[in-house]
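Chemist: Sharing a structure here in structure tokens format.
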Amino acid sequence: MSKKIAVIGECMIELSEKGSAVNRGFGGDTLNTSVYIARQVAPADLQVSYITALGTDSFSQQMLDAWQSEHVDTRLIQRMENRMPGLYYIETDETGERTFYYWRNEAAAKFWLESEQAAAICEELATFDYLYLSGISLAILSPASREKLFSLLHECRANGGKVIFDNNYRQRLWASREETQQVYQQMLGCTDIAFLTLDDEDALWGEKPVEDVMARTHAAGVHEVVIKRGADSCLVSLAEEGVVDVPAVKLPKENVVDTTAAGDSFSAGYLAVRLTGGDTQAAAQRGHLTASTVIQYRGAIIPRDAMPA
């Protein structure tokens, strides 16, 4: 029987500029990951569901249609009459680096755990094999919703499921670093696999040797720690089993068009292999291959025919 992963988070309307033209798409860290996992696994091996809330507007319907065409299950996505998706705008400089601007305060995804359907959705999610979320999935929630989410994660693990967390720290979404540290510690305490972008770790905890970052994360209770270091190699540490160092795919500078979704797609490539029986080395290699492909195209979701074989 195929296993099931639910990816929890927020997708937004994406506007990205290219010269004087502005393109509209959809993006969000967890949505990017869910699509890139679904593109790299057979549904018979792993079924991918996305968990969020949307409005009843045409943008929301287009999102659902697009995700369904990617073989992402949308059954548990809520539609809220008085809400809409958030919006973000990407400004990209000549080196491919980005600046983001957000409009998301009343976005439907912030309220997915506050609806009448939330309890029934959580009851079903607690039976999944894997639950995946990011620091942004946590940041957009109220403290009360966050506690409901932690209850769900604990219940899923009690049922034999595994929890996967990507640190994806965005300072502007949090009241303070102290609050974020407290929430992240709580999150790591119920996490089985953690993806840590090293720059985000340094921004949140202060710069420390990478060995200390891995040790701190294992000490919080995480078994499998994946350190993402951009264009450098990634490090995978399994508790009490040592560290695997996997080189990144090297690209000529002129091939890097847009680094949007680089980290999200790395996590997706890693999980596509890891959750279907692959070892950490093969999983990390697939993560690097996926990310190095994605950054050669503009926008968060690249054309499906551009995916690596």
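Letters A, B, ... go to the chains of the structure tokens in the order shown; residues in each chain start at 1; ligands are counted from 1 in the same order.
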DSSP on the backbone, then: every residue of segment 127-271 of chain A marked strand (DSSP E), written as a ChimeraX atom specification.
Modeler: /A:130-134,162-166,193-197,224-228,234-238,242-246
Chemist: Which residues are close to segment 88-103 of chain A, i.e. within 9 Å by only C-alpha atoms, leaving aside same-chain residues fewer than 2 positions away? Reply as a PDB file with N, CA, C and O atoms, in the first residue's frame.
Modeler:
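The result, written out as out19.pdb:
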ATOM      1  N   MET A  12       0.588  31.312  -2.072  1.00  0.00           N
ATOM      2  CA  MET A  12       0.186  32.696  -2.342  1.00  0.00           C
ATOM      3  C   MET A  12       0.185  32.959  -3.844  1.00  0.00           C
ATOM      4  O   MET A  12       0.760  32.206  -4.628  1.00  0.00           O
ATOM      5  N   ILE A  13      -0.470  34.032  -4.220  1.00  0.00           N
ATOM      6  CA  ILE A  13      -0.378  34.511  -5.597  1.00  0.00           C
ATOM      7  C   ILE A  13       1.007  35.145  -5.744  1.00  0.00           C
ATOM      8  O   ILE A  13       1.409  35.961  -4.926  1.00  0.00           O
ATOM      9  N   GLU A  14       1.739  34.732  -6.770  1.00  0.00           N
ATOM     10  CA  GLU A  14       3.112  35.206  -6.985  1.00  0.00           C
ATOM     11  C   GLU A  14       3.159  36.131  -8.195  1.00  0.00           C
ATOM     12  O   GLU A  14       2.736  35.751  -9.294  1.00  0.00           O
ATOM     13  N   LEU A  15       3.681  37.321  -7.993  1.00  0.00           N
ATOM     14  CA  LEU A  15       3.975  38.233  -9.101  1.00  0.00           C
ATOM     15  C   LEU A  15       5.487  38.355  -9.194  1.00  0.00           C
ATOM     16  O   LEU A  15       6.149  38.642  -8.193  1.00  0.00           O
ATOM     17  N   SER A  16       6.051  38.110 -10.361  1.00  0.00           N
ATOM     18  CA  SER A  16       7.500  38.209 -10.517  1.00  0.00           C
ATOM     19  C   SER A  16       7.820  39.064 -11.736  1.00  0.00           C
ATOM     20  O   SER A  16       7.165  38.940 -12.773  1.00  0.00           O
ATOM     21  N   GLU A  17       8.803  39.927 -11.593  1.00  0.00           N
ATOM     22  CA  GLU A  17       9.127  40.831 -12.693  1.00  0.00           C
ATOM     23  C   GLU A  17      10.275  40.284 -13.535  1.00  0.00           C
ATOM     24  O   GLU A  17      11.199  39.650 -13.034  1.00  0.00           O
ATOM     25  N   LYS A  18      10.188  40.527 -14.822  1.00  0.00           N
ATOM     26  CA  LYS A  18      11.262  40.193 -15.756  1.00  0.00           C
ATOM     27  C   LYS A  18      11.382  41.381 -16.696  1.00  0.00           C
ATOM     28  O   LYS A  18      10.550  41.561 -17.583  1.00  0.00           O
ATOM     29  N   GLY A  27       2.897  30.468  -5.611  1.00  0.00           N
ATOM     30  CA  GLY A  27       4.061  29.921  -4.926  1.00  0.00           C
ATOM     31  C   GLY A  27       3.946  30.015  -3.427  1.00  0.00           C
ATOM     32  O   GLY A  27       3.151  30.787  -2.882  1.00  0.00           O
ATOM     33  N   GLY A  86      -2.966  34.996   0.128  1.00  0.00           N
ATOM     34  CA  GLY A  86      -2.060  36.129   0.212  1.00  0.00           C
ATOM     35  C   GLY A  86      -1.390  36.374  -1.142  1.00  0.00           C
ATOM     36  O   GLY A  86      -1.535  35.602  -2.092  1.00  0.00           O
ATOM     37  N   ASN A 105      -1.829  39.521   5.509  1.00  0.00           N
ATOM     38  CA  ASN A 105      -2.318  39.541   6.892  1.00  0.00           C
ATOM     39  C   ASN A 105      -3.630  38.802   7.105  1.00  0.00           C
ATOM     40  O   ASN A 105      -3.843  38.221   8.169  1.00  0.00           O
ATOM     41  N   GLU A 106      -4.518  38.845   6.114  1.00  0.00           N
ATOM     42  CA  GLU A 106      -5.820  38.195   6.269  1.00  0.00           C
ATOM     43  C   GLU A 106      -5.943  36.943   5.402  1.00  0.00           C
ATOM     44  O   GLU A 106      -7.043  36.489   5.116  1.00  0.00           O
ATOM     45  N   ALA A 107      -4.808  36.390   4.994  1.00  0.00           N
ATOM     46  CA  ALA A 107      -4.828  35.226   4.103  1.00  0.00           C
ATOM     47  C   ALA A 107      -5.536  34.038   4.747  1.00  0.00           C
ATOM     48  O   ALA A 107      -5.385  33.777   5.946  1.00  0.00           O
ATOM     49  N   LYS A 253      27.901  30.514 -13.419  1.00  0.00           N
ATOM     50  CA  LYS A 253      27.136  31.622 -12.840  1.00  0.00           C
ATOM     51  C   LYS A 253      26.027  32.111 -13.773  1.00  0.00           C
ATOM     52  O   LYS A 253      24.920  32.435 -13.343  1.00  0.00           O
ATOM     53  N   GLU A 254      26.318  32.115 -15.086  1.00  0.00           N
ATOM     54  CA  GLU A 254      25.322  32.650 -16.041  1.00  0.00           C
ATOM     55  C   GLU A 254      24.101  31.745 -16.184  1.00  0.00           C
ATOM     56  O   GLU A 254      23.074  32.152 -16.723  1.00  0.00           O
ATOM     57  N   VAL A 256      22.478  30.520 -13.600  1.00  0.00           N
ATOM     58  CA  VAL A 256      21.588  30.743 -12.451  1.00  0.00           C
ATOM     59  C   VAL A 256      20.684  31.934 -12.763  1.00  0.00           C
ATOM     60  O   VAL A 256      21.123  33.079 -12.795  1.00  0.00           O
ATOM     61  N   VAL A 257      19.405  31.631 -12.988  1.00  0.00           N
ATOM     62  CA  VAL A 257      18.443  32.651 -13.409  1.00  0.00           C
ATOM     63  C   VAL A 257      17.669  33.207 -12.225  1.00  0.00           C
ATOM     64  O   VAL A 257      17.430  34.406 -12.118  1.00  0.00           O
ATOM     65  N   ASP A 258      17.259  32.327 -11.305  1.00  0.00           N
ATOM     66  CA  ASP A 258      16.370  32.741 -10.221  1.00  0.00           C
ATOM     67  C   ASP A 258      16.450  31.676  -9.123  1.00  0.00           C
ATOM     68  O   ASP A 258      16.140  30.508  -9.363  1.00  0.00           O
ATOM     69  N   THR A 259      16.865  32.066  -7.934  1.00  0.00           N
ATOM     70  CA  THR A 259      17.038  31.083  -6.853  1.00  0.00           C
ATOM     71  C   THR A 259      15.760  30.804  -6.061  1.00  0.00           C
ATOM     72  O   THR A 259      15.790  30.100  -5.060  1.00  0.00           O
ATOM     73  N   THR A 260      14.627  31.343  -6.529  1.00  0.00           N
ATOM     74  CA  THR A 260      13.346  31.038  -5.888  1.00  0.00           C
ATOM     75  C   THR A 260      13.134  29.524  -5.833  1.00  0.00           C
ATOM     76  O   THR A 260      13.337  28.831  -6.825  1.00  0.00           O
ATOM     77  N   ILE A 295      16.767  26.359 -10.301  1.00  0.00           N
ATOM     78  CA  ILE A 295      17.317  27.723 -10.309  1.00  0.00           C
ATOM     79  C   ILE A 295      17.740  28.189 -11.698  1.00  0.00           C
ATOM     80  O   ILE A 295      18.142  29.336 -11.876  1.00  0.00           O
ATOM     81  N   GLY A 299      10.830  31.882 -11.543  1.00  0.00           N
ATOM     82  CA  GLY A 299       9.618  31.526 -10.810  1.00  0.00           C
ATOM     83  C   GLY A 299       9.806  30.286  -9.945  1.00  0.00           C
ATOM     84  O   GLY A 299      10.804  29.564 -10.059  1.00  0.00           O
TER      85      GLY A 299
END
Chemist: Tell me, counting only C-alpha atoms, for each residue of segment 83-190 of chain A within 10 Å of segment 207-231 of chain A, which pair of atoms is nearest and how far apart they are in Å to one decimal, in rows ordered by chain and increasing number, as JSON lines.
Modeler:
{"residue": "A:Val163", "atom": "CA", "partner": "A:Val222", "partner_atom": "CA", "distance": 9.7}
{"residue": "A:Ile164", "atom": "CA", "partner": "A:Glu224", "partner_atom": "CA", "distance": 9.4}
{"residue": "A:Phe165", "atom": "CA", "partner": "A:Val225", "partner_atom": "CA", "distance": 9.8}
{"residue": "A:Asp166", "atom": "CA", "partner": "A:Val226", "partner_atom": "CA", "distance": 9.3}
{"residue": "A:Tyr184", "atom": "CA", "partner": "A:Ala220", "partner_atom": "CA", "distance": 9.8}
{"residue": "A:Gln185", "atom": "CA", "partner": "A:Ala220", "partner_atom": "CA", "distance": 6.8}
{"residue": "A:Gln186", "atom": "CA", "partner": "A:Ala220", "partner_atom": "CA", "distance": 8.5}
{"residue": "A:Met187", "atom": "CA", "partner": "A:Ala220", "partner_atom": "CA", "distance": 9.1}
{"residue": "A:Leu188", "atom": "CA", "partner": "A:Ala220", "partner_atom": "CA", "distance": 5.9}
{"residue": "A:Gly189", "atom": "CA", "partner": "A:Gly221", "partner_atom": "CA", "distance": 5.2}
{"residue": "A:Cys190", "atom": "CA", "partner": "A:Gly221", "partner_atom": "CA", "distance": 7.2}
Chemist: Neighbours of segment 29-42 of chain A within 10 Å (only C-alpha atoms; same-chain residues fewer than 5 positions away dropped), as an NGL selection string?
Modeler: :A and (2 or 5-12 or 47-52 or 66-73 or 132-137 or 166 or 168 or 260-273 or 275-276 or 286 or 290-291 or 294 or 300-302 or 304 or 307-309)
Chemist: Keeping only C-alpha atoms, take the residues you just selected and write them out as a PDB file, in the first residue's frame.
Modeler:
ATOM      1  CA  SER A   2       1.317   3.446  -0.855  1.00  0.00           C
ATOM      2  CA  ILE A   5       2.551  12.540   3.113  1.00  0.00           C
ATOM      3  CA  ALA A   6       0.624  15.709   3.964  1.00  0.00           C
ATOM      4  CA  VAL A   7       2.426  18.993   3.335  1.00  0.00           C
ATOM      5  CA  ILE A   8       1.040  21.806   5.509  1.00  0.00           C
ATOM      6  CA  GLY A   9       1.383  25.500   4.750  1.00  0.00           C
ATOM      7  CA  GLU A  10       0.428  28.465   2.622  1.00  0.00           C
ATOM      8  CA  CYS A  11       0.375  29.128  -1.101  1.00  0.00           C
ATOM      9  CA  MET A  12       0.186  32.696  -2.342  1.00  0.00           C
ATOM     10  CA  GLN A  47       0.684   9.995  -2.224  1.00  0.00           C
ATOM     11  CA  VAL A  48       1.166  13.746  -1.727  1.00  0.00           C
ATOM     12  CA  SER A  49      -1.565  15.882  -0.132  1.00  0.00           C
ATOM     13  CA  TYR A  50      -1.462  19.635   0.391  1.00  0.00           C
ATOM     14  CA  ILE A  51      -3.078  21.131   3.484  1.00  0.00           C
ATOM     15  CA  THR A  52      -4.078  24.803   3.544  1.00  0.00           C
ATOM     16  CA  ALA A  66      -3.108  23.539 -11.005  1.00  0.00           C
ATOM     17  CA  TRP A  67      -2.304  21.349  -7.980  1.00  0.00           C
ATOM     18  CA  GLN A  68      -4.682  18.623  -9.066  1.00  0.00           C
ATOM     19  CA  SER A  69      -2.989  18.606 -12.482  1.00  0.00           C
ATOM     20  CA  GLU A  70       0.297  17.953 -10.602  1.00  0.00           C
ATOM     21  CA  HIS A  71      -1.220  14.886  -8.875  1.00  0.00           C
ATOM     22  CA  VAL A  72      -1.301  16.668  -5.510  1.00  0.00           C
ATOM     23  CA  ASP A  73      -4.341  15.590  -3.491  1.00  0.00           C
ATOM     24  CA  TYR A 132       5.753  18.053   6.528  1.00  0.00           C
ATOM     25  CA  LEU A 133       5.767  21.726   7.465  1.00  0.00           C
ATOM     26  CA  SER A 134       8.088  24.706   7.534  1.00  0.00           C
ATOM     27  CA  GLY A 135       8.936  27.622   9.768  1.00  0.00           C
ATOM     28  CA  ILE A 136       6.520  29.682   7.664  1.00  0.00           C
ATOM     29  CA  SER A 137       3.721  27.149   8.284  1.00  0.00           C
ATOM     30  CA  ASP A 166      12.152  22.756   7.251  1.00  0.00           C
ATOM     31  CA  ASN A 168      12.733  28.366   6.703  1.00  0.00           C
ATOM     32  CA  THR A 260      13.346  31.038  -5.888  1.00  0.00           C
ATOM     33  CA  ALA A 261      12.387  27.615  -4.460  1.00  0.00           C
ATOM     34  CA  ALA A 262      15.978  26.318  -4.429  1.00  0.00           C
ATOM     35  CA  GLY A 263      15.727  25.109  -0.822  1.00  0.00           C
ATOM     36  CA  ASP A 264      12.135  23.906  -1.208  1.00  0.00           C
ATOM     37  CA  SER A 265      13.005  21.819  -4.257  1.00  0.00           C
ATOM     38  CA  PHE A 266      16.126  20.404  -2.575  1.00  0.00           C
ATOM     39  CA  SER A 267      13.944  19.130   0.290  1.00  0.00           C
ATOM     40  CA  ALA A 268      11.499  17.668  -2.236  1.00  0.00           C
ATOM     41  CA  GLY A 269      14.197  15.815  -4.159  1.00  0.00           C
ATOM     42  CA  TYR A 270      15.666  14.483  -0.925  1.00  0.00           C
ATOM     43  CA  LEU A 271      12.296  13.241   0.334  1.00  0.00           C
ATOM     44  CA  ALA A 272      11.278  11.758  -3.027  1.00  0.00           C
ATOM     45  CA  VAL A 273      14.199   9.343  -2.625  1.00  0.00           C
ATOM     46  CA  LEU A 275      10.691   8.269   1.760  1.00  0.00           C
ATOM     47  CA  THR A 276      10.620   5.634  -0.959  1.00  0.00           C
ATOM     48  CA  ARG A 286      18.639  13.987  -5.856  1.00  0.00           C
ATOM     49  CA  THR A 290      16.432  19.064  -8.332  1.00  0.00           C
ATOM     50  CA  ALA A 291      17.517  22.407  -6.880  1.00  0.00           C
ATOM     51  CA  VAL A 294      14.963  24.727 -10.631  1.00  0.00           C
ATOM     52  CA  ALA A 300       8.943  28.975  -8.102  1.00  0.00           C
ATOM     53  CA  ILE A 301       7.474  26.154 -10.210  1.00  0.00           C
ATOM     54  CA  ILE A 302       9.381  25.313 -13.385  1.00  0.00           C
ATOM     55  CA  ARG A 304       7.208  19.979 -15.854  1.00  0.00           C
ATOM     56  CA  MET A 307      12.454  18.359 -14.563  1.00  0.00           C
ATOM     57  CA  PRO A 308      15.579  16.169 -14.345  1.00  0.00           C
ATOM     58  CA  ALA A 309      15.143  12.554 -15.431  1.00  0.00           C
TER      59      ALA A 309
END
Chemist: Please list as a PDB file with N, CA and C atoms, in the first residue's frame every residue within 8 Å of segment 147-155 of chain A, counting only C-alpha atoms and excluding residues in the same chain fewer than 4 positions away.
Modeler:
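Now in selection-v1.pdb:
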ATOM      1  N   LEU A 113      -6.818  26.206  11.017  1.00  0.00           N
ATOM      2  CA  LEU A 113      -7.082  25.430  12.227  1.00  0.00           C
ATOM      3  C   LEU A 113      -8.180  26.045  13.097  1.00  0.00           C
ATOM      4  N   CYS A 122      -7.803  17.309  11.127  1.00  0.00           N
ATOM      5  CA  CYS A 122      -6.681  16.874  11.970  1.00  0.00           C
ATOM      6  C   CYS A 122      -6.788  15.398  12.324  1.00  0.00           C
ATOM      7  N   GLU A 123      -7.998  14.948  12.545  1.00  0.00           N
ATOM      8  CA  GLU A 123      -8.206  13.535  12.868  1.00  0.00           C
ATOM      9  C   GLU A 123      -7.714  12.648  11.719  1.00  0.00           C
ATOM     10  N   LEU A 125      -5.485  13.641   9.359  1.00  0.00           N
ATOM     11  CA  LEU A 125      -4.043  13.862   9.185  1.00  0.00           C
ATOM     12  C   LEU A 125      -3.221  13.045  10.182  1.00  0.00           C
ATOM     13  N   ALA A 126      -3.785  12.799  11.343  1.00  0.00           N
ATOM     14  CA  ALA A 126      -3.060  12.034  12.367  1.00  0.00           C
ATOM     15  C   ALA A 126      -2.807  10.595  11.940  1.00  0.00           C
ATOM     16  N   LEU A 131       4.021  13.930   8.010  1.00  0.00           N
ATOM     17  CA  LEU A 131       3.532  15.310   7.982  1.00  0.00           C
ATOM     18  C   LEU A 131       4.740  16.219   7.793  1.00  0.00           C
ATOM     19  N   PRO A 143      -0.979  31.838  18.209  1.00  0.00           N
ATOM     20  CA  PRO A 143      -0.486  30.898  19.228  1.00  0.00           C
ATOM     21  C   PRO A 143      -1.461  29.750  19.509  1.00  0.00           C
ATOM     22  N   ASN A 159       0.832   7.559  16.509  1.00  0.00           N
ATOM     23  CA  ASN A 159       0.245   6.561  15.609  1.00  0.00           C
ATOM     24  C   ASN A 159       1.289   5.904  14.707  1.00  0.00           C
ATOM     25  N   VAL A 163       7.356  13.166  11.451  1.00  0.00           N
ATOM     26  CA  VAL A 163       7.198  14.599  11.217  1.00  0.00           C
ATOM     27  C   VAL A 163       8.486  15.145  10.605  1.00  0.00           C
ATOM     28  N   MET A 187       9.005  22.673  18.238  1.00  0.00           N
ATOM     29  CA  MET A 187       8.823  21.960  16.971  1.00  0.00           C
ATOM     30  C   MET A 187       9.855  20.845  16.822  1.00  0.00           C
ATOM     31  N   CYS A 190       9.336  17.447  18.367  1.00  0.00           N
ATOM     32  CA  CYS A 190       8.424  16.450  17.779  1.00  0.00           C
ATOM     33  C   CYS A 190       8.731  16.251  16.291  1.00  0.00           C
TER      34      CYS A 190
END
Chemist: If you count only C-alpha atoms, which residues fall within 10 Å of Lys250 of chain A, apart from same-chain ones fewer than 6 positions away, as a PyMOL selection string?
Modeler: chain A and resi 231-233+288-289+292
Chemist: Point out the residue among A:Thr280, A:Asn82, A:Thr191, A:Glu178 with the least atom-to-atom distance to Trp205 of chain A, counting only C-alpha atoms.
Modeler: A:Glu178
Chemist: For Asp129 of chain A, which residue out of A:Ala108, A:Met80, A:Ala158, A:Leu235 is the nearest one, using only C-alpha atoms?
Modeler: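 Nearest to Asp129 of chain A: A:Ala158.
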Chemist: For the helix (DSSP H, G or I) assignment from backbone DSSP, which residues of segment 177-241 of chain A qualify? Please present them as JSON, numbers by chain.
Modeler: {"A": [177, 178, 179, 180, 181, 182, 183, 184, 185, 186, 187, 188, 198, 199, 200, 201, 202, 203, 204, 205, 210, 211, 212, 213, 214, 215, 216, 217, 218, 219]}
Chemist: Would you kindly return, as a tab-separated table (two decimals) with N, CA, C and O atoms, in the first residue's frame, each protein, DNA or RNA residue with an atom no farther than 10 Å from any atom of Arg172 of chain A, considering only C-alpha atoms and excluding same-chain residues fewer than 4 positions away?
Modeler:
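Output (around17.tsv):
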chain	number	residue	atom	x	y	z
A	139	ALA	N	4.81	30.19	11.47
A	139	ALA	CA	4.83	31.64	11.70
A	139	ALA	C	3.49	32.30	11.41
A	139	ALA	O	3.12	33.28	12.06
A	176	SER	N	9.42	38.19	17.72
A	176	SER	CA	10.77	38.35	18.23
A	176	SER	C	11.57	37.08	17.97
A	176	SER	O	10.99	36.00	17.74
A	177	ARG	N	12.89	37.18	18.05
A	177	ARG	CA	13.73	35.99	17.92
A	177	ARG	C	13.48	35.03	19.08
A	177	ARG	O	13.49	33.81	18.89
Chemist: Using only C-alpha atoms, can you tell me which of A:Trp112, A:Phe26, A:Phe128, A:Trp174 comes closest to Lys3 of chain A?
Modeler: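 Ranking A:Trp112, A:Phe26, A:Phe128, A:Trp174 by distance to Lys3 of chain A, first place goes to A:Phe128.
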Chemist: Quick one: residues within 9 Å of Glu114 of chain A, only C-alpha atoms counted, chain neighbours fewer than 5 positions away excluded, as a list in words?
Modeler: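 In the requested format, the answer is Ala119, Ala144 and Ser145 of chain A.
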